[in-house]
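Below is one structure, written out as C-alpha cells; the observations come after it.
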Amino acid sequence: MIAPKPPMGFNTWNTFGKNINEELIREIADCFAQNGLREAGYEYIVIDDCWSEMERDPESGSIVADKEKFPSGMKALGDYIHQKGLKFGMYSCSGVRTCGGYPGSFGHEYQDAKDFASYGCDLLKYDFCFRPNVVESKLLYRKMGMALRATGRDIVYSVCTGGMDHPEKWARSAGAHMYRSTLDISDSYESFKGIALGQAPNLHYSAPGCFNDLDMLTVGMYGNGNVADGGCSKTEYATQFMLWCLFGTPLMLGCDPRTLSPELLSLLKNQKLIEINQDPECRPAFEVSAHPWIGGRKAYFRFLKNGEYALGLVNFSDSDGEVPFYTYSAGLGEGYCMQFENLVTGEISTPQKDYFGANIPAHGCAVYKVTLV
C-alpha cells in the first residue's frame, strides 16, 4: 500500500513561494540528512508551484523546468534528493494554469504523469486553480489518479482543492493518498486554530492509504516567508504541531528547516508525538470536552494500537486555565483507571478513575499517552 500512514516531509510554498531554485532544494535535502529530520520520519522534499517555464516545450509538449532556477533539470534534482535517502515531490494543477500562472495539466494528464515519473517523482501535489468549469472536478482528479497509476511508479497523490467541492467525500475514491479540505494556511494562530476546529469533525474520513491534510505546518516561520501573517509564539507553534500529531494529518514542514531553533527542532523530532501521528490503526481523534460554558477549552481522545490511547488538552481561549477531562466521556467503566504520560515533559500521573485535568496556558496544548490500569 502507498502511504499506509500520514506522509511526512517538507514543502517549499509556505516560506519560499516562487523564490525557489535547485541550490536551495539541495541545501534543504542536506539539512534533512544532517539534523535528524530524515531519521525522525520526514522523507518528502516537495517543490510546490513556480518551478517550470511559463510555457510548455513547443516540440515535446512537456512542462519543462525553469532554466534559470533549475539549470540541471528535475531528473538531476530528483536523483540528488534520492541519494540523500529522501523522496522527491512535485507540483501541478488540474487547470489550464497553476495558481501561479504556469502551465497546468488539464488535457495533458497522462503525458505529465509520465514525465513526472521519469524525473523520479514520489509525490504529486495537484492543485485546483484555473479549472474549466465545464468539467466536474472529481473527473479531473480521477483522471490524474489513473494517470499516475499508469506510470507504474509508486507516487503519493496529494489532492488540493482548497476545500472546494468537499474532497473528503470523494478524494479516496479518486486514488488520492491525502487531500486538502481547507483554505490555505497562513502563519497565524487564528489560521491554524480555525483549520483544526473546522476539520475535527471530518477526521473520520481518514484511513490507511488516504488522509485529511490540514495543510503544511507553519511551525518555526515566525512571521517570515510567503504566507507570513504575524507569526506565532513558541507556545502556539507547539500547539499546532501537537494537534497535527493528535489528528493524524500529514506532517509537512513549511518553515525554512535550515533556521529552526534547537527547541523547535527537538519538538518536531519528538518521537512519542510522531508515533501518535503515525499510529498504524489511523483511528480519528474525537472530542470529549465538558463544561460548555468554559469557552475554548477542549479535550480530544484517540484510540491507538496495542490497547493504548492518546489525550489532547487544548486551551484555545485567551486566558490560562484548567482543561478538564472526564474519563467516562471516553468510555472508561468500572474496575479500571487511567494513567497519563505527558509526551513533552515525561511526567506520569497517578492512576485516575473519574477525572483528569491540567492547567494549560492560553493558546497552549498538552498531549498524553493513556494506559488503562
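Starting from 1 in every chain, residues are counted up; chains themselves are A, B, ... following the order of the C-alpha cells, and ligands are numbered from 1 as listed.
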
Backbone-only DSSP, strand (DSSP E) members of stretch 277-338 of chain A, as a list of chain:residue names: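 Those residues are A:Phe286, A:Glu287, A:Arg297, A:Lys298, A:Ala299, A:Tyr300, A:Phe301, A:Arg302, A:Phe303, A:Tyr309, A:Ala310, A:Leu311, A:Gly312, A:Leu313, A:Val314, A:Asn315, A:Gly321, A:Glu322, A:Val323, A:Pro324, A:Phe325, A:Tyr326, A:Met338.
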
Spatial neighbours of A:Arg131, 7 Å, only C-alpha atoms, chain gap at least 5 places, as a ChimeraX atom specification: /A:94-96

Spatial neighbours of A:Glu109, max dist 10 Å, only C-alpha atoms, sep filter under 6 positions, as a count of residues only: 12

Which residue of A:Lys169, A:Gln199, A:Phe192, A:Asp256 approaches A:Ala29 most closely, using only C-alpha atoms: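 The answer is A:Asp256, which sits nearest to A:Ala29.
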
Proximity to A:Gly9 - best of A:Ala176, A:Cys160, A:Ala366, A:Leu37, only C-alpha atoms: A:Leu37

Atom CA of A:Pro284 to atom CA of A:Met252, distance in Å rounded to a single decimal: 18.9 Å

Polymer residues at most 10 Å from A:Ala330, only C-alpha atoms, same-chain spacing of 6 or more positions, as a list in words: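 The neighbour list is Phe286, Glu287, Val288, Ser289, Tyr300, Phe301, Arg302, Phe303, Tyr309 and Leu311 of chain A.
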
Restricted to all heavy atoms, what would the selected residues look like written as an mmCIF file, in the first residue's frame?
data_model
loop_
_atom_site.group_PDB
_atom_site.id
_atom_site.type_symbol
_atom_site.label_atom_id
_atom_site.label_comp_id
_atom_site.auth_asym_id
_atom_site.auth_seq_id
_atom_site.Cartn_x
_atom_site.Cartn_y
_atom_site.Cartn_z
ATOM 1 N N PHE A 286 -11.527 12.112 18.715
ATOM 2 C CA PHE A 286 -12.889 12.622 18.873
ATOM 3 C C PHE A 286 -12.943 13.516 20.108
ATOM 4 O O PHE A 286 -12.178 13.347 21.054
ATOM 5 C CB PHE A 286 -13.907 11.484 18.985
ATOM 6 C CG PHE A 286 -13.622 10.470 20.076
ATOM 7 C CD1 PHE A 286 -14.152 10.623 21.357
ATOM 8 C CD2 PHE A 286 -12.835 9.356 19.807
ATOM 9 C CE1 PHE A 286 -13.900 9.694 22.351
ATOM 10 C CE2 PHE A 286 -12.574 8.413 20.796
ATOM 11 C CZ PHE A 286 -13.103 8.586 22.075
ATOM 12 N N GLU A 287 -13.846 14.471 20.074
ATOM 13 C CA GLU A 287 -13.924 15.442 21.158
ATOM 14 C C GLU A 287 -14.635 14.843 22.365
ATOM 15 O O GLU A 287 -15.679 14.193 22.231
ATOM 16 C CB GLU A 287 -14.645 16.707 20.702
ATOM 17 C CG GLU A 287 -14.634 17.811 21.742
ATOM 18 C CD GLU A 287 -15.267 19.103 21.264
ATOM 19 O OE1 GLU A 287 -15.365 19.302 20.035
ATOM 20 O OE2 GLU A 287 -15.677 19.916 22.135
ATOM 21 N N VAL A 288 -14.062 15.075 23.540
ATOM 22 C CA VAL A 288 -14.673 14.619 24.800
ATOM 23 C C VAL A 288 -14.719 15.779 25.800
ATOM 24 O O VAL A 288 -14.548 15.590 26.994
ATOM 25 C CB VAL A 288 -13.912 13.419 25.403
ATOM 26 C CG1 VAL A 288 -14.141 12.162 24.579
ATOM 27 C CG2 VAL A 288 -12.410 13.712 25.507
ATOM 28 N N SER A 289 -14.933 16.973 25.305
ATOM 29 C CA SER A 289 -14.927 18.149 26.163
ATOM 30 C C SER A 289 -16.126 18.174 27.098
ATOM 31 O O SER A 289 -17.174 17.590 26.811
ATOM 32 C CB SER A 289 -14.922 19.420 25.311
ATOM 33 O OG SER A 289 -13.780 19.473 24.501
ATOM 34 N N TYR A 300 -9.540 16.117 23.394
ATOM 35 C CA TYR A 300 -9.697 15.172 22.293
ATOM 36 C C TYR A 300 -9.058 13.840 22.695
ATOM 37 O O TYR A 300 -7.964 13.820 23.275
ATOM 38 C CB TYR A 300 -9.029 15.682 21.015
ATOM 39 C CG TYR A 300 -9.608 16.975 20.492
ATOM 40 C CD1 TYR A 300 -9.005 18.199 20.789
ATOM 41 C CD2 TYR A 300 -10.741 16.985 19.701
ATOM 42 C CE1 TYR A 300 -9.527 19.384 20.308
ATOM 43 C CE2 TYR A 300 -11.271 18.174 19.211
ATOM 44 C CZ TYR A 300 -10.655 19.372 19.518
ATOM 45 O OH TYR A 300 -11.179 20.547 19.034
ATOM 46 N N PHE A 301 -9.724 12.749 22.370
ATOM 47 C CA PHE A 301 -9.262 11.422 22.754
ATOM 48 C C PHE A 301 -9.120 10.577 21.493
ATOM 49 O O PHE A 301 -9.889 10.724 20.548
ATOM 50 C CB PHE A 301 -10.285 10.772 23.708
ATOM 51 C CG PHE A 301 -9.738 9.630 24.521
ATOM 52 C CD1 PHE A 301 -9.017 9.876 25.679
ATOM 53 C CD2 PHE A 301 -9.956 8.314 24.134
ATOM 54 C CE1 PHE A 301 -8.527 8.824 26.441
ATOM 55 C CE2 PHE A 301 -9.469 7.263 24.890
ATOM 56 C CZ PHE A 301 -8.747 7.513 26.052
ATOM 57 N N ARG A 302 -8.136 9.672 21.511
ATOM 58 C CA ARG A 302 -7.894 8.853 20.323
ATOM 59 C C ARG A 302 -7.475 7.440 20.709
ATOM 60 O O ARG A 302 -6.615 7.253 21.572
ATOM 61 C CB ARG A 302 -6.799 9.503 19.468
ATOM 62 C CG ARG A 302 -6.488 8.750 18.185
ATOM 63 C CD ARG A 302 -5.474 9.496 17.332
ATOM 64 N NE ARG A 302 -5.041 8.666 16.222
ATOM 65 C CZ ARG A 302 -4.071 8.989 15.369
ATOM 66 N NH1 ARG A 302 -3.437 10.144 15.501
ATOM 67 N NH2 ARG A 302 -3.739 8.164 14.398
ATOM 68 N N PHE A 303 -8.085 6.453 20.067
ATOM 69 C CA PHE A 303 -7.705 5.050 20.248
ATOM 70 C C PHE A 303 -6.444 4.766 19.420
ATOM 71 O O PHE A 303 -6.378 5.101 18.227
ATOM 72 C CB PHE A 303 -8.825 4.120 19.772
ATOM 73 C CG PHE A 303 -9.965 3.961 20.737
ATOM 74 C CD1 PHE A 303 -10.651 5.063 21.246
ATOM 75 C CD2 PHE A 303 -10.371 2.700 21.152
ATOM 76 C CE1 PHE A 303 -11.697 4.906 22.133
ATOM 77 C CE2 PHE A 303 -11.432 2.525 22.040
ATOM 78 C CZ PHE A 303 -12.105 3.641 22.529
ATOM 79 N N TYR A 309 -3.949 4.699 24.227
ATOM 80 C CA TYR A 309 -4.818 5.808 23.833
ATOM 81 C C TYR A 309 -4.012 7.103 23.916
ATOM 82 O O TYR A 309 -2.928 7.158 24.498
ATOM 83 C CB TYR A 309 -6.045 5.897 24.755
ATOM 84 C CG TYR A 309 -6.789 4.601 24.865
ATOM 85 C CD1 TYR A 309 -6.431 3.644 25.824
ATOM 86 C CD2 TYR A 309 -7.842 4.306 24.003
ATOM 87 C CE1 TYR A 309 -7.100 2.429 25.913
ATOM 88 C CE2 TYR A 309 -8.516 3.098 24.083
ATOM 89 C CZ TYR A 309 -8.141 2.173 25.029
ATOM 90 O OH TYR A 309 -8.794 0.974 25.100
ATOM 91 N N LEU A 311 -4.592 11.454 24.625
ATOM 92 C CA LEU A 311 -5.471 12.534 25.065
ATOM 93 C C LEU A 311 -4.786 13.858 24.769
ATOM 94 O O LEU A 311 -3.605 14.044 25.072
ATOM 95 C CB LEU A 311 -5.742 12.429 26.571
ATOM 96 C CG LEU A 311 -6.466 13.630 27.212
ATOM 97 C CD1 LEU A 311 -7.917 13.691 26.744
ATOM 98 C CD2 LEU A 311 -6.391 13.546 28.743
#

Within 12 Å of stretch 54-67 of chain A using only C-alpha atoms, minus same-chain residues under 2 positions, as a VMD selection string: chain A and resid 18 to 22 47 49 to 52 69 to 77 90 to 93 96 to 98 100 to 116 118 to 119

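Of the residues listed (A:Cys282, A:Ile28, A:Ala40, A:Leu264), A:Cys282 shows the shortest atom-to-atom separation from A:Gly248; distances use only C-alpha atoms.
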
Who sits within 9 Å of A:Cys255, only C-alpha atoms, same chain under 6 positions skipped, as number ranges by chain: A: 10-12, 14-16, 216-222, 224-225

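Closest approach to A:Val370 among A:Ile45, A:Leu183, A:Ala196, A:Ile276: A:Ile276, based on only C-alpha atoms.
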
Distance criterion (only C-alpha atoms): nearest to A:Pro324 out of A:Gln34, A:Thr151, A:Asn359, A:Ser181: A:Asn359

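Comparing the minimum interatomic distances between A:Asp48 and each of A:Gly120, A:Gly78, A:Gly175, A:Gly254, counting only C-alpha atoms, we find that A:Gly254 sits nearest.
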
Which of stretch 214-299 of chain A fall in helix (DSSP H, G or I), as a PyMOL selection string: chain A and resi 234-247+257-259+262-268+271-277

Generate the output file for the selected residues, N, CA and C atoms, as a JSON list (two decimals), in the first residue's frame.
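Saved file result_4.json follows:
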[["chain", "number", "residue", "atom", "x", "y", "z"],
["A", 234, "LYS", "N", 6.13, 30.51, 20.54],
["A", 234, "LYS", "CA", 6.60, 29.13, 20.71],
["A", 234, "LYS", "C", 5.48, 28.25, 21.23],
["A", 235, "THR", "N", 4.69, 28.77, 22.16],
["A", 235, "THR", "CA", 3.56, 28.01, 22.71],
["A", 235, "THR", "C", 2.57, 27.66, 21.61],
["A", 236, "GLU", "N", 2.26, 28.62, 20.75],
["A", 236, "GLU", "CA", 1.29, 28.39, 19.68],
["A", 236, "GLU", "C", 1.83, 27.41, 18.64],
["A", 237, "TYR", "N", 3.11, 27.52, 18.30],
["A", 237, "TYR", "CA", 3.68, 26.56, 17.36],
["A", 237, "TYR", "C", 3.64, 25.15, 17.94],
["A", 238, "ALA", "N", 3.94, 25.03, 19.23],
["A", 238, "ALA", "CA", 3.87, 23.71, 19.87],
["A", 238, "ALA", "C", 2.45, 23.16, 19.82],
["A", 239, "THR", "N", 1.46, 24.02, 20.03],
["A", 239, "THR", "CA", 0.07, 23.59, 19.95],
["A", 239, "THR", "C", -0.27, 23.09, 18.56],
["A", 240, "GLN", "N", 0.15, 23.83, 17.54],
["A", 240, "GLN", "CA", -0.12, 23.39, 16.17],
["A", 240, "GLN", "C", 0.47, 22.01, 15.91],
["A", 241, "PHE", "N", 1.73, 21.83, 16.25],
["A", 241, "PHE", "CA", 2.37, 20.54, 15.97],
["A", 241, "PHE", "C", 1.69, 19.40, 16.74],
["A", 242, "MET", "N", 1.37, 19.64, 18.01],
["A", 242, "MET", "CA", 0.74, 18.59, 18.80],
["A", 242, "MET", "C", -0.65, 18.25, 18.26],
["A", 243, "LEU", "N", -1.39, 19.25, 17.81],
["A", 243, "LEU", "CA", -2.71, 18.98, 17.22],
["A", 243, "LEU", "C", -2.58, 18.18, 15.93],
["A", 244, "TRP", "N", -1.63, 18.56, 15.07],
["A", 244, "TRP", "CA", -1.44, 17.82, 13.82],
["A", 244, "TRP", "C", -1.07, 16.36, 14.10],
["A", 245, "CYS", "N", -0.24, 16.13, 15.14],
["A", 245, "CYS", "CA", 0.10, 14.76, 15.52],
["A", 245, "CYS", "C", -1.13, 14.02, 16.04],
["A", 246, "LEU", "N", -1.86, 14.66, 16.95],
["A", 246, "LEU", "CA", -3.03, 14.03, 17.55],
["A", 246, "LEU", "C", -4.09, 13.72, 16.49],
["A", 247, "PHE", "N", -4.25, 14.59, 15.52],
["A", 247, "PHE", "CA", -5.29, 14.43, 14.50],
["A", 247, "PHE", "C", -4.88, 13.50, 13.36],
["A", 257, "PRO", "N", 13.84, 24.87, 7.14],
["A", 257, "PRO", "CA", 14.42, 23.95, 8.15],
["A", 257, "PRO", "C", 15.86, 24.28, 8.49],
["A", 258, "ARG", "N", 16.51, 25.08, 7.68],
["A", 258, "ARG", "CA", 17.90, 25.45, 7.95],
["A", 258, "ARG", "C", 18.02, 26.43, 9.11],
["A", 259, "THR", "N", 16.92, 27.09, 9.47],
["A", 259, "THR", "CA", 16.96, 28.12, 10.51],
["A", 259, "THR", "C", 16.17, 27.74, 11.76],
["A", 262, "PRO", "N", 16.99, 25.12, 18.07],
["A", 262, "PRO", "CA", 17.14, 23.78, 18.67],
["A", 262, "PRO", "C", 15.88, 23.32, 19.39],
["A", 263, "GLU", "N", 15.18, 24.27, 20.05],
["A", 263, "GLU", "CA", 13.97, 23.90, 20.80],
["A", 263, "GLU", "C", 12.87, 23.41, 19.87],
["A", 264, "LEU", "N", 12.61, 24.13, 18.77],
["A", 264, "LEU", "CA", 11.56, 23.70, 17.85],
["A", 264, "LEU", "C", 11.98, 22.47, 17.07],
["A", 265, "LEU", "N", 13.25, 22.36, 16.73],
["A", 265, "LEU", "CA", 13.73, 21.15, 16.05],
["A", 265, "LEU", "C", 13.51, 19.93, 16.93],
["A", 266, "SER", "N", 13.79, 20.07, 18.21],
["A", 266, "SER", "CA", 13.57, 18.97, 19.14],
["A", 266, "SER", "C", 12.08, 18.60, 19.21],
["A", 267, "LEU", "N", 11.21, 19.60, 19.23],
["A", 267, "LEU", "CA", 9.78, 19.34, 19.24],
["A", 267, "LEU", "C", 9.36, 18.58, 17.99],
["A", 268, "LEU", "N", 9.81, 19.03, 16.83],
["A", 268, "LEU", "CA", 9.42, 18.40, 15.57],
["A", 268, "LEU", "C", 9.95, 16.98, 15.43],
["A", 271, "GLN", "N", 9.70, 11.79, 19.14],
["A", 271, "GLN", "CA", 9.25, 10.51, 18.61],
["A", 271, "GLN", "C", 7.95, 10.03, 19.24],
["A", 272, "LYS", "N", 7.69, 10.40, 20.47],
["A", 272, "LYS", "CA", 6.45, 9.96, 21.11],
["A", 272, "LYS", "C", 5.25, 10.65, 20.47],
["A", 273, "LEU", "N", 5.40, 11.92, 20.12],
["A", 273, "LEU", "CA", 4.32, 12.61, 19.41],
["A", 273, "LEU", "C", 4.17, 12.08, 17.99],
["A", 274, "ILE", "N", 5.30, 11.86, 17.31],
["A", 274, "ILE", "CA", 5.26, 11.34, 15.95],
["A", 274, "ILE", "C", 4.64, 9.95, 15.92],
["A", 275, "GLU", "N", 4.91, 9.13, 16.94],
["A", 275, "GLU", "CA", 4.31, 7.79, 16.98],
["A", 275, "GLU", "C", 2.78, 7.86, 17.02],
["A", 276, "ILE", "N", 2.24, 8.86, 17.69],
["A", 276, "ILE", "CA", 0.79, 9.03, 17.69],
["A", 276, "ILE", "C", 0.31, 9.39, 16.30],
["A", 277, "ASN", "N", 0.98, 10.33, 15.65],
["A", 277, "ASN", "CA", 0.62, 10.71, 14.29],
["A", 277, "ASN", "C", 0.69, 9.51, 13.35]]

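Near A:Met1, within 12 Å and counting only C-alpha atoms, sit A:Pro4, A:Lys5, A:Asp154, A:Ile155, A:Val156, A:Gly175, A:His177, A:Pro208, A:Gly209, A:Cys210, not including residues fewer than 3 positions from it in the same chain.
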